[in-house]
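Dumped data-v2.txt below, it's compact mmCIF, C-alpha atoms:
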# COMPACT_ATOMS: atom_id res chain seq x y z
CA MET A 1 0.00 0.00 0.00
CA GLU A 2 2.75 2.46 0.94
CA LYS A 3 4.55 1.62 -2.27
CA GLN A 4 1.46 2.25 -4.35
CA LEU A 5 0.87 5.52 -2.51
CA LEU A 6 4.40 6.75 -3.16
CA ASP A 7 4.43 5.57 -6.78
CA THR A 8 1.08 7.16 -7.54
CA PHE A 9 2.13 10.39 -5.83
CA LEU A 10 5.28 10.54 -7.98
CA ASP A 11 3.28 9.69 -11.05
CA LEU A 12 0.74 12.45 -10.49
CA TYR A 13 3.60 14.86 -9.81
CA LEU A 14 4.76 14.35 -13.40
CA TYR A 15 1.34 15.48 -14.60
CA ASP A 16 1.10 18.42 -12.21
CA THR A 17 3.94 19.70 -10.03
CA LYS A 18 1.72 22.11 -8.06
CA ILE A 19 0.90 19.73 -5.24
CA HIS A 20 -0.85 22.43 -3.18
CA GLU A 21 -3.38 22.81 -6.00
CA TRP A 22 -4.25 19.13 -6.36
CA SER A 23 -7.98 18.57 -5.90
CA PHE A 24 -10.82 16.55 -7.37
CA GLU A 25 -12.32 19.79 -8.69
CA LYS A 26 -9.12 20.73 -10.53
CA PHE A 27 -8.83 17.30 -12.10
CA GLU A 28 -12.52 16.91 -12.89
CA ASN A 29 -11.92 16.92 -16.64
CA PHE A 30 -8.67 14.95 -16.51
CA PRO A 31 -9.64 11.32 -15.84
CA SER A 32 -6.03 10.08 -15.55
CA ARG A 33 -5.23 12.65 -12.88
CA TYR A 34 -8.59 12.31 -11.12
CA TYR A 35 -8.09 8.57 -10.91
CA ARG A 36 -4.59 8.91 -9.45
CA LEU A 37 -5.79 11.39 -6.88
CA GLN A 38 -8.53 8.93 -5.89
CA ILE A 39 -5.87 6.30 -5.23
CA ILE A 40 -3.70 8.72 -3.25
CA SER A 41 -6.61 9.95 -1.19
CA ALA A 42 -7.88 6.42 -0.41
CA LEU A 43 -4.45 5.12 0.55
CA MET A 44 -3.70 8.10 2.76
CA LYS A 45 -6.98 7.50 4.60
CA ALA A 46 -6.30 3.79 4.93
CA LEU A 47 -2.80 4.48 6.27
CA ASP A 48 -4.23 6.94 8.75
CA ILE A 49 -2.45 9.91 7.21
CA ASN A 50 -4.83 12.78 7.75
CA CYS A 51 -3.36 15.87 6.17
CA SER A 52 -3.26 17.78 2.90
CA TYR A 53 -1.23 16.52 -0.06
CA SER A 54 1.38 19.22 0.43
CA ASP A 55 1.63 18.49 4.15
CA PHE A 56 2.16 14.87 3.17
CA LYS A 57 5.03 15.91 0.92
CA GLU A 58 6.51 17.88 3.83
CA GLY A 59 6.20 14.90 6.17
CA ARG A 60 3.92 16.77 8.58
CA PHE A 61 2.08 13.53 9.41
CA ILE A 62 5.18 12.09 11.08
CA SER A 63 4.82 11.54 14.83
CA LYS A 64 6.09 9.54 17.78
CA VAL A 65 4.97 6.39 15.98
CA GLN A 66 7.82 6.63 13.45
CA TYR A 67 10.22 7.76 16.15
CA ASN A 68 9.49 4.74 18.34
CA LYS A 69 9.96 2.34 15.45
CA TRP A 70 13.01 4.04 13.94
CA LYS A 71 15.59 2.00 15.81
CA ASP A 72 14.14 -1.31 14.64
CA PHE A 73 13.74 0.04 11.15
CA LYS A 74 17.31 1.15 10.73
CA GLU A 75 18.63 -2.11 12.13
CA SER A 76 16.50 -3.98 9.65
CA ILE A 77 17.95 -2.20 6.64
CA ILE A 78 21.55 -1.53 7.64
CA ASP A 79 22.60 -5.05 6.73
CA GLN A 80 21.21 -4.71 3.24
CA LEU A 81 23.06 -1.54 2.47
CA ASP A 82 26.70 -1.30 1.71
CA ALA A 83 26.85 2.45 1.19
CA LYS A 84 29.04 3.60 4.03
CA ALA A 85 27.57 7.04 4.12
CA TYR A 86 24.14 5.58 4.49
CA THR A 87 25.07 3.33 7.37
CA ARG A 88 26.93 6.05 9.18
CA SER A 89 24.06 8.47 8.80
CA LEU A 90 21.49 6.10 10.18
CA LYS A 91 23.57 5.35 13.22
CA GLU A 92 23.26 8.84 14.57
CA ASN A 93 20.72 9.56 17.25
CA LEU A 94 17.57 11.30 16.20
CA HIS A 95 14.67 13.34 17.47
CA PRO A 96 11.15 13.01 16.05
CA PHE A 97 11.63 16.33 14.29
CA ASP A 98 14.73 14.98 12.55
CA ILE A 99 12.73 12.16 11.01
CA GLN A 100 10.33 14.65 9.50
CA SER A 101 13.25 16.65 8.23
CA ILE A 102 14.82 13.55 6.67
CA PHE A 103 11.51 12.65 5.07
CA ARG A 104 11.10 16.14 3.65
CA THR A 105 14.57 16.17 2.15
CA PHE A 106 14.30 12.71 0.68
CA MET A 107 10.83 13.40 -0.68
CA GLN A 108 12.00 16.60 -2.37
CA TYR A 109 14.91 14.74 -3.86
CA ARG A 110 12.75 11.83 -4.97
CA LEU A 111 10.26 14.18 -6.64
CA ASN A 112 13.07 15.88 -8.55
CA ALA A 113 14.49 12.51 -9.49
CA GLN A 114 11.07 11.60 -10.87
CA LYS A 115 11.28 14.55 -13.25
CA LEU A 116 14.57 13.18 -14.48
CA LEU A 117 13.29 9.64 -14.84
CA GLY A 118 10.14 10.78 -16.62
CA VAL A 119 11.77 13.58 -18.58
CA PHE A 120 10.75 12.24 -21.98
CA ASP A 121 7.34 10.84 -21.17
CA GLY A 122 5.04 11.94 -23.90
CA ILE A 123 7.70 12.95 -26.39
CA TYR A 124 7.11 11.63 -29.84
CA ALA A 125 9.82 8.99 -30.05
CA ALA A 126 9.92 8.50 -33.80
CA ASN A 127 12.73 10.97 -34.37
CA GLU A 128 15.82 8.98 -35.19
CA GLU A 129 18.20 11.26 -33.36
CA PHE A 130 15.99 11.06 -30.35
CA ARG A 131 16.07 7.30 -30.28
CA ALA A 132 19.83 7.30 -30.68
CA PHE A 133 20.60 9.86 -28.05
CA VAL A 134 18.04 8.63 -25.59
CA LYS A 135 20.45 5.75 -25.05
CA LEU A 136 22.79 8.23 -23.40
CA ILE A 137 20.10 9.10 -20.94
CA GLU A 138 19.13 5.53 -20.20
CA ILE A 139 22.46 4.89 -18.50
CA PRO A 140 22.30 7.59 -15.81
CA ASN A 141 18.58 6.98 -15.39
CA THR A 142 19.04 3.26 -14.81
CA HIS A 143 21.62 3.98 -12.13
CA LEU A 144 19.49 6.68 -10.60
CA LYS A 145 16.47 4.41 -10.38
CA GLU A 146 18.59 1.90 -8.48
CA ASP A 147 20.20 4.53 -6.25
CA VAL A 148 16.97 6.16 -5.13
CA LYS A 149 15.79 2.84 -3.71
CA ASN A 150 17.81 3.62 -0.57
CA ILE A 151 15.83 6.79 -0.22
CA GLU A 152 12.56 5.03 -0.91
CA HIS A 153 13.16 2.55 1.93
CA VAL A 154 13.06 5.45 4.36
CA LEU A 155 10.07 7.11 2.72
CA LEU A 156 8.08 3.87 2.74
CA PHE A 157 8.88 3.23 6.37
CA CYS A 158 7.69 6.70 7.34
CA ILE A 159 4.49 6.32 5.32
CA ASN A 160 3.54 2.99 6.88
CA PRO A 161 5.60 2.39 10.03
CA THR A 162 3.21 -0.11 11.58
CA GLY A 163 2.62 -2.22 8.48
CA ILE A 164 -1.08 -1.51 7.98
CA SER A 165 -2.46 -3.73 5.23
CA TYR A 166 -5.84 -3.97 3.49
CA SER A 167 -6.98 -5.99 0.53
CA GLN A 168 -8.05 -4.19 -2.64
CA GLU A 169 -11.69 -5.08 -1.84
CA GLU A 170 -11.45 -3.51 1.59
CA LEU A 171 -9.85 -0.39 0.15
CA ILE A 172 -12.68 -0.06 -2.36
CA ALA A 173 -15.41 -0.72 0.21
CA ASN A 174 -14.06 1.39 3.08
CA PHE A 175 -11.76 4.08 1.71
CA GLY A 176 -13.06 5.13 -1.71
CA PHE A 177 -10.32 3.38 -3.69
CA PRO A 178 -11.30 3.46 -7.40
CA LYS A 179 -12.66 0.26 -8.93
CA GLU A 180 -11.34 0.77 -12.47
CA ASN A 181 -7.81 -0.16 -13.34
CA SER A 182 -5.42 2.48 -14.58
CA ARG A 183 -5.00 1.08 -18.08
CA ASP A 184 -8.69 1.54 -18.81
CA VAL A 185 -8.72 5.07 -17.48
CA ASP A 186 -5.62 6.15 -19.39
CA GLU A 187 -6.71 4.50 -22.63
CA ASP A 188 -10.09 6.17 -22.56
CA PHE A 189 -8.43 9.48 -22.12
CA VAL A 190 -6.00 9.03 -25.02
CA MET B 1 34.74 28.47 -22.91
CA GLU B 2 31.85 26.22 -23.86
CA LYS B 3 32.12 24.63 -20.42
CA ILE B 4 31.72 27.94 -18.63
CA LEU B 5 28.86 28.83 -20.95
CA LEU B 6 26.99 25.62 -20.13
CA THR B 7 27.71 25.87 -16.40
CA SER B 8 26.63 29.51 -16.23
CA PHE B 9 23.47 28.74 -18.17
CA LEU B 10 22.54 25.83 -15.89
CA GLU B 11 23.29 27.78 -12.73
CA LEU B 12 21.28 30.77 -13.83
CA TYR B 13 18.48 28.48 -14.96
CA THR B 14 18.12 26.97 -11.49
CA LEU B 15 17.91 30.50 -10.08
CA ASN B 16 15.36 31.61 -12.68
CA ASN B 17 13.87 29.17 -15.15
CA ASP B 18 12.11 31.73 -17.32
CA THR B 19 14.71 32.53 -19.98
CA ALA B 20 12.29 34.96 -21.65
CA LYS B 21 12.71 37.25 -18.63
CA TRP B 22 16.49 37.12 -18.51
CA SER B 23 18.00 40.58 -19.02
CA LEU B 24 20.74 42.68 -17.52
CA ALA B 25 18.05 45.18 -16.46
CA ASN B 26 15.99 42.53 -14.64
CA PHE B 27 19.05 41.25 -12.80
CA ALA B 28 20.59 44.66 -12.15
CA LYS B 29 20.06 44.37 -8.40
CA ASN B 30 21.04 40.71 -8.12
CA PRO B 31 24.78 40.29 -8.66
CA PRO B 32 24.87 36.44 -8.74
CA ARG B 33 22.38 36.48 -11.61
CA LEU B 34 23.74 39.59 -13.28
CA TYR B 35 27.31 38.34 -13.59
CA ARG B 36 26.21 34.92 -14.77
CA LEU B 37 24.19 36.56 -17.49
CA GLN B 38 27.14 38.76 -18.45
CA LYS B 39 29.28 35.65 -18.77
CA ILE B 40 26.64 34.00 -20.94
CA ASP B 41 26.40 37.12 -23.17
CA SER B 42 30.11 37.35 -23.55
CA LEU B 43 30.65 33.67 -24.30
CA MET B 44 27.75 33.49 -26.74
CA ALA B 45 29.26 36.40 -28.65
CA ALA B 46 32.73 34.85 -28.60
CA LEU B 47 31.37 31.50 -29.79
CA LYS B 48 29.28 33.25 -32.46
CA ILE B 49 25.99 32.01 -31.07
CA GLU B 50 23.24 34.40 -32.06
CA GLY B 51 19.68 34.73 -30.87
CA SER B 52 17.77 35.08 -27.62
CA TYR B 53 18.29 32.99 -24.48
CA GLN B 54 15.06 31.19 -25.25
CA GLU B 55 16.33 30.30 -28.70
CA PHE B 56 19.53 29.11 -27.07
CA GLU B 57 17.54 26.85 -24.74
CA TYR B 58 16.02 25.15 -27.78
CA GLY B 59 19.30 24.98 -29.69
CA GLU B 60 18.03 27.17 -32.52
CA PHE B 61 21.51 28.47 -33.27
CA LEU B 62 22.19 25.04 -34.73
CA PHE B 63 19.83 25.79 -37.64
CA GLU B 64 22.30 28.36 -38.82
CA GLU B 65 24.08 27.72 -42.09
CA GLY B 66 27.61 26.43 -41.62
CA ARG B 67 27.13 25.80 -37.93
CA GLN B 68 26.73 22.06 -38.28
CA ASP B 69 29.83 20.14 -39.04
CA LEU B 70 28.14 16.84 -39.63
CA ALA B 71 31.20 14.81 -40.51
CA GLY B 72 33.14 16.11 -37.54
CA PHE B 73 30.31 15.58 -35.15
CA LYS B 74 29.70 12.03 -36.30
CA SER B 75 33.30 10.96 -36.23
CA ARG B 76 33.73 12.37 -32.78
CA ILE B 77 30.60 10.77 -31.40
CA GLU B 78 31.29 7.50 -33.14
CA GLU B 79 34.80 7.35 -31.80
CA ASN B 80 33.82 8.06 -28.23
CA TYR B 81 30.39 6.50 -27.98
CA PRO B 82 30.04 3.83 -30.66
CA PHE B 83 27.00 2.32 -28.99
CA ILE B 84 24.87 5.22 -30.15
CA PHE B 85 25.24 4.07 -33.71
CA GLU B 86 24.71 0.41 -33.10
CA THR B 87 21.08 0.26 -34.05
CA VAL B 88 20.37 3.58 -35.64
CA PHE B 89 21.57 4.39 -39.10
CA LEU B 90 22.44 7.99 -38.53
CA ASN B 91 25.47 7.39 -40.70
CA ASN B 92 23.40 7.13 -43.81
CA ARG B 93 21.54 10.34 -43.31
CA GLU B 94 22.54 13.53 -44.95
CA ASP B 95 20.76 15.88 -42.64
CA SER B 96 20.97 15.21 -38.96
CA ASP B 97 18.81 17.16 -36.60
CA PHE B 98 21.38 18.68 -34.27
CA GLN B 99 18.97 21.24 -32.96
CA PHE B 100 16.80 18.42 -31.65
CA VAL B 101 19.75 16.60 -30.10
CA PHE B 102 20.78 19.78 -28.31
CA GLU B 103 17.27 20.51 -27.09
CA VAL B 104 16.75 16.99 -25.74
CA LEU B 105 20.13 16.72 -24.04
CA LEU B 106 19.98 20.20 -22.56
CA ARG B 107 16.51 19.56 -21.21
CA TYR B 108 17.79 16.45 -19.48
CA ARG B 109 20.84 18.33 -18.22
CA ILE B 110 18.62 21.02 -16.69
CA LYS B 111 16.67 18.38 -14.75
CA VAL B 112 19.95 16.95 -13.46
CA GLN B 113 20.99 20.40 -12.32
CA GLN B 114 17.68 20.86 -10.52
CA LEU B 115 18.10 17.52 -8.78
CA VAL B 116 21.63 18.31 -7.66
CA ASN B 117 20.38 21.66 -6.47
CA VAL B 118 18.01 20.06 -3.92
CA LYS B 119 21.00 19.65 -1.63
CA THR B 120 21.75 23.36 -1.72
CA CYS B 121 18.13 24.30 -1.03
CA VAL B 122 17.95 21.96 1.95
CA LEU B 123 21.08 23.44 3.43
CA GLU B 124 19.59 26.88 3.16
CA VAL B 125 16.36 26.04 4.94
CA SER B 126 17.70 23.87 7.73
CA GLY B 127 21.28 23.71 8.79
CA ILE B 128 20.84 20.72 11.09
CA ASN B 129 19.47 18.55 8.35
CA THR B 130 22.82 17.07 7.37
CA ILE B 131 22.02 13.41 7.91
CA PRO B 132 20.38 12.66 4.58
CA LEU B 133 22.74 14.91 2.69
CA THR B 134 25.58 12.41 2.72
CA ILE B 135 23.32 9.89 1.04
CA ILE B 136 22.12 12.40 -1.51
CA SER B 137 25.65 13.60 -2.25
CA ASP B 138 26.61 10.03 -2.94
CA ILE B 139 23.86 9.68 -5.56
CA ASP B 140 24.67 13.10 -7.06
CA LYS B 141 28.30 12.15 -7.50
CA LYS B 142 27.47 8.98 -9.38
CA LEU B 143 25.03 10.87 -11.54
CA GLN B 144 27.56 13.52 -12.41
CA LYS B 145 29.97 10.86 -13.56
CA ASP B 146 27.27 9.32 -15.71
CA ILE B 147 26.33 12.53 -17.45
CA ALA B 148 29.86 13.48 -18.49
CA VAL B 149 29.02 11.94 -21.87
CA ILE B 150 26.05 14.22 -22.29
CA ASP B 151 28.04 17.29 -21.31
CA ASN B 152 30.72 16.41 -23.83
CA ILE B 153 28.20 16.32 -26.65
CA LEU B 154 26.71 19.62 -25.57
CA TYR B 155 30.19 21.17 -25.45
CA TYR B 156 30.83 19.99 -28.96
CA LEU B 157 27.58 21.41 -30.27
CA LEU B 158 28.32 24.73 -28.58
CA ASN B 159 31.82 25.01 -29.99
CA PRO B 160 32.32 22.62 -32.92
CA ILE B 161 35.37 24.35 -34.39
CA GLY B 162 37.15 24.83 -31.09
CA ILE B 163 37.17 28.62 -30.82
CA ASN B 164 39.43 29.59 -27.96
CA TYR B 165 40.15 32.91 -26.29
CA THR B 166 42.11 33.66 -23.17
CA LYS B 167 40.29 35.22 -20.27
CA GLU B 168 42.08 38.50 -20.99
CA ASP B 169 40.88 38.43 -24.60
CA LEU B 170 37.34 37.77 -23.45
CA ILE B 171 37.50 40.67 -21.02
CA THR B 172 38.84 43.16 -23.54
CA LYS B 173 36.98 42.02 -26.65
CA PHE B 174 33.76 40.50 -25.37
CA ASN B 175 32.96 42.34 -22.19
CA TYR B 176 33.53 39.27 -20.01
CA PRO B 177 32.97 40.14 -16.33
CA ASP B 178 36.21 40.09 -14.38
CA VAL B 179 34.73 38.95 -11.07
CA ASP B 180 34.99 36.19 -8.51
CA LEU B 181 31.55 34.54 -8.64
CA ALA B 182 32.13 32.39 -5.56
CA GLN B 183 32.80 35.51 -3.53
CA ILE B 184 29.81 37.29 -5.05
CA ASP B 185 27.52 34.37 -4.19
CA LYS B 186 28.86 34.32 -0.65
CA ASP B 187 28.36 38.05 -0.15
CA TRP B 188 24.82 37.79 -1.49
CA ILE B 189 23.74 35.22 1.09

Show this structure as structure tokens.
Amino acid sequence: MEKQLLDTFLDLYLYDTKIHEWSFEKFENFPSRYYRLQIISALMKALDINCSYSDFKEGRFISKVQYNKWKDFKESIIDQLDAKAYTRSLKENLHPFDIQSIFRTFMQYRLNAQKLLGVFDGIYAANEEFRAFVKLIEIPNTHLKEDVKNIEHVLLFCINPTGISYSQEELIANFGFPKENSRDVDEDFV
Amino acid sequence: MEKILLTSFLELYTLNNDTAKWSLANFAKNPPRLYRLQKIDSLMAALKIEGSYQEFEYGEFLFEEGRQDLAGFKSRIEENYPFIFETVFLNNREDSDFQFVFEVLLRYRIKVQQLVNVKTCVLEVSGINTIPLTIISDIDKKLQKDIAVIDNILYYLLNPIGINYTKEDLITKFNYPDVDLAQIDKDWI
């Protein structure tokens, strides 16, 4: 659930970078965006994150819950990571406010990285030069996608520290999760 | 010269991404922007790149007659990055769209600059937030190594015939600002 929330948030950000303006009214005539916002809104509710989309981006939902679980979390991931900087950073002692600050920084970075990863979405790819030179971009982007996973671990932990989990049916029945699947929505719109 | 031109453009772009509004008058009271723009003006003139900053952003100077040295460009790219030509038959084409290559690569390069700039912004808003910065710096460093290829191609498109002036020449002939930007940036903050 937390992964789908983060992915959908990043996805919608590519459509519209003005997070503070996101609303069902604004996206009324844009089914792809409306649908993504429905997913975000349902998953936030289900994960007990009760704040605006821009407060979410700023990590203002972070509380003692994340703080109390942080120690276990960092021990669980330290073994998987070989980046020295990462390990050293996570070893330092934190305050709840620091976790929010880490979340905010990582989220800002991840959103900017998304712009890089999705930089050519929607460009007509028939141009021969484009296809040739896009290879140059695939290399840094492939590495970047891999590298930001370290950041995503932290974001996902903060979003769902207690491991809340619902089935798709429960999400639809209780939290307003959309019934359609994204392919149908996007195809209709194209 | 082409390196300083690209760097100055990217730095100014992260400070103000609306190239249509770039002018010495608009930046008169903002030395970090003003001197970057002066550098850009001077280097564009020295490298014989005409047109507005917006046209520069879209590589329109590459439409100009005689600007594109197709053979030179190809041989250089092919020598350094043969994989580009593996599946695409650019070799057989008489007219290659350099303007498009420039536009695409510069657009990507701008996004990289904006990503790398996150670190700077974070430092400005909260000094204590250094913990995640080591991780981010690590990613930035790898990325910068990866994009050296892209920068090299942009450099070539900016200065295909290798025009070269000394700093003194630029100052006397092309109105290049004789200033220490690092110091100016520091004073401004």

Problem - Residue among A:Ser165, A:Phe175, A:Val119, A:Asp186 lying closest to Lys111 of chain B, counting all atoms listed in the file - result: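 With all atoms listed in the file as the atom set, the closest residue is A:Val119.
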
Find the residues near Tyr165 of chain B: any atom within 12 Å, counting all atoms listed in the file, skip ones fewer than 6 places away on the same chain, and give them as a CSV table (one decimal) with C-alpha atoms, in the frame of the given file.
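Wrote part.csv, looks like this:
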chain,number,residue,atom,x,y,z
B,1,MET,CA,34.7,28.5,-22.9
B,2,GLU,CA,31.8,26.2,-23.9
B,42,SER,CA,30.1,37.4,-23.6
B,43,LEU,CA,30.6,33.7,-24.3
B,45,ALA,CA,29.3,36.4,-28.6
B,46,ALA,CA,32.7,34.8,-28.6
B,47,LEU,CA,31.4,31.5,-29.8
B,171,ILE,CA,37.5,40.7,-21.0
B,172,THR,CA,38.8,43.2,-23.5
B,173,LYS,CA,37.0,42.0,-26.6
B,174,PHE,CA,33.8,40.5,-25.4
B,176,TYR,CA,33.5,39.3,-20.0

Practice task
With a distance cut-off of 10 Å and only C-alpha atoms, select the neighbouring residues of Phe24 of chain A, excluding the residue or stretch itself and same-chain residues fewer than 4 positions from it, and output the selection as a list in words.
Solution key: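 The residues that qualify are Glu28, Asn29, Phe30, Arg33, Tyr34, Tyr35, Leu37, Gln38 and Ser41 of chain A.
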
Exercise for the section: Have a look at atom CA of His95 of chain A and atom CA of Tyr67 of chain A and let me know their distance in Å, one decimal. Expected result: 7.3 Å

Handout entry: Which residue of B:Thr134, B:Ser23, B:Asn117, B:Thr14 approaches chain A most closely, using only C-alpha atoms
Key =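 The answer is B:Thr134, which sits nearest to chain A.
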
Practice task
Go through A:Asp184, A:Asp55, A:Asp72, A:Glu21 and flag the residue nearest Arg104 of chain A, using all atoms listed in the file for the distances.
Solution key: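 The shortest atom-to-atom distance to Arg104 of chain A comes from A:Asp55.
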
Surrounding residues of Leu5 of chain B excluding itself and chain neighbours under 2 positions, 8 Å, all atoms listed in the file, as a short mmCIF file (atom, residue, chain, number, x, y, z; two decimals) with C-alpha atoms, keeping the file's coordinate frame:
data_model
loop_
_atom_site.label_atom_id
_atom_site.label_comp_id
_atom_site.auth_asym_id
_atom_site.auth_seq_id
_atom_site.Cartn_x
_atom_site.Cartn_y
_atom_site.Cartn_z
CA MET B 1 34.74 28.47 -22.91
CA GLU B 2 31.85 26.22 -23.86
CA LYS B 3 32.12 24.63 -20.42
CA THR B 7 27.71 25.87 -16.40
CA SER B 8 26.63 29.51 -16.23
CA PHE B 9 23.47 28.74 -18.17
CA LYS B 39 29.28 35.65 -18.77
CA ILE B 40 26.64 34.00 -20.94
CA LEU B 43 30.65 33.67 -24.30
CA MET B 44 27.75 33.49 -26.74
#

Exercise for the section: In Å, rounded to a single decimal, give me how far atom CA of Ile39 of chain A is from atom CA of Leu6 of chain A. Expected result: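 The value is 10.5 Å.
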
Practice task
Considering all atoms listed in the file, state which residue in the set B:Ala28, B:Ile136, B:Gly72, B:Asp41 is at the smallest distance from Asn150 of chain A.
Solution key: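 Using all atoms listed in the file, Asn150 of chain A sits closest to B:Ile136.
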
Practice task
Using all atoms listed in the file, give me every residue within 12 Å of (38.1, 12.4, -26.9) in file coordinates, as a ChimeraX atom specification.
Solution key: /B:73,75-81,148-149,152-153,155-156

Completion exercise
Judged by all atoms listed in the file, the minimum distance to Gly59 of chain A among A:Glu25, A:Ala113, A:Ala132, A:Leu155 is found for A:Leu155

Practice task
Using only C-alpha atoms, find the one residue out of A:Ser32, A:Asn160, A:Thr17, A:Gln114 that sits nearest to chain B.
Solution key: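 The answer is A:Gln114, which sits nearest to chain B.
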
Problem - Near-Glu2 of chain A list (12 Å; all atoms listed in the file; drop same-chain fewer than 3 positions) as a PyMOL selection string - result: chain A and resi 5-9+39-40+42-49+152-166

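With atom CA of Lys141 of chain B on one side and atom CA of Arg110 of chain A on the other, the separation reads 15.8 Å.
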
Handout entry: 10 Å contact set for Phe63 of chain B, only C-alpha atoms, chain neighbours under 6 positions out, as a PyMOL selection string
Key = chain B and resi 97-100

Let me have the centre and edge lengths of the axis-aligned box enclosing all listed atoms of segment 24-33 of chain B with 8 Å padding on every side, in Å to one decimal, as AutoDock Vina command-line options.
--center_x 20.4 --center_y 40.8 --center_z -12.8 --size_x 24.9 --size_y 24.7 --size_z 25.4

Reconstruct N, CA and C atoms of segment 26-38 of chain A; output as a PDB file, in the coordinates of the input.
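Saved file selection24.pdb follows:
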ATOM      1  N   LYS A  26     -10.101  20.352  -9.499  1.00  0.00           N
ATOM      2  CA  LYS A  26      -9.120  20.730 -10.530  1.00  0.00           C
ATOM      3  C   LYS A  26      -8.984  19.648 -11.591  1.00  0.00           C
ATOM      4  N   PHE A  27      -9.084  18.405 -11.164  1.00  0.00           N
ATOM      5  CA  PHE A  27      -8.830  17.300 -12.100  1.00  0.00           C
ATOM      6  C   PHE A  27     -10.118  16.714 -12.693  1.00  0.00           C
ATOM      7  N   GLU A  28     -11.218  17.414 -12.470  1.00  0.00           N
ATOM      8  CA  GLU A  28     -12.520  16.910 -12.890  1.00  0.00           C
ATOM      9  C   GLU A  28     -12.530  16.456 -14.353  1.00  0.00           C
ATOM     10  N   ASN A  29     -11.899  17.250 -15.209  1.00  0.00           N
ATOM     11  CA  ASN A  29     -11.920  16.920 -16.640  1.00  0.00           C
ATOM     12  C   ASN A  29     -10.665  16.185 -17.114  1.00  0.00           C
ATOM     13  N   PHE A  30      -9.891  15.691 -16.163  1.00  0.00           N
ATOM     14  CA  PHE A  30      -8.670  14.950 -16.510  1.00  0.00           C
ATOM     15  C   PHE A  30      -8.721  13.569 -15.834  1.00  0.00           C
ATOM     16  N   PRO A  31      -9.391  12.622 -16.497  1.00  0.00           N
ATOM     17  CA  PRO A  31      -9.640  11.320 -15.840  1.00  0.00           C
ATOM     18  C   PRO A  31      -8.377  10.653 -15.288  1.00  0.00           C
ATOM     19  N   SER A  32      -7.243  10.744 -16.022  1.00  0.00           N
ATOM     20  CA  SER A  32      -6.030  10.080 -15.550  1.00  0.00           C
ATOM     21  C   SER A  32      -5.575  10.661 -14.215  1.00  0.00           C
ATOM     22  N   ARG A  33      -5.671  11.991 -14.118  1.00  0.00           N
ATOM     23  CA  ARG A  33      -5.230  12.650 -12.880  1.00  0.00           C
ATOM     24  C   ARG A  33      -6.236  12.402 -11.764  1.00  0.00           C
ATOM     25  N   TYR A  34      -7.519  12.516 -12.103  1.00  0.00           N
ATOM     26  CA  TYR A  34      -8.590  12.310 -11.120  1.00  0.00           C
ATOM     27  C   TYR A  34      -8.446  10.930 -10.480  1.00  0.00           C
ATOM     28  N   TYR A  35      -8.218   9.962 -11.350  1.00  0.00           N
ATOM     29  CA  TYR A  35      -8.090   8.570 -10.910  1.00  0.00           C
ATOM     30  C   TYR A  35      -6.891   8.393  -9.972  1.00  0.00           C
ATOM     31  N   ARG A  36      -5.785   9.015 -10.308  1.00  0.00           N
ATOM     32  CA  ARG A  36      -4.590   8.910  -9.450  1.00  0.00           C
ATOM     33  C   ARG A  36      -4.825   9.582  -8.098  1.00  0.00           C
ATOM     34  N   LEU A  37      -5.521  10.704  -8.143  1.00  0.00           N
ATOM     35  CA  LEU A  37      -5.790  11.390  -6.880  1.00  0.00           C
ATOM     36  C   LEU A  37      -6.733  10.544  -6.003  1.00  0.00           C
ATOM     37  N   GLN A  38      -7.652   9.836  -6.645  1.00  0.00           N
ATOM     38  CA  GLN A  38      -8.530   8.930  -5.890  1.00  0.00           C
ATOM     39  C   GLN A  38      -7.707   7.860  -5.149  1.00  0.00           C
TER      40      GLN A  38
END
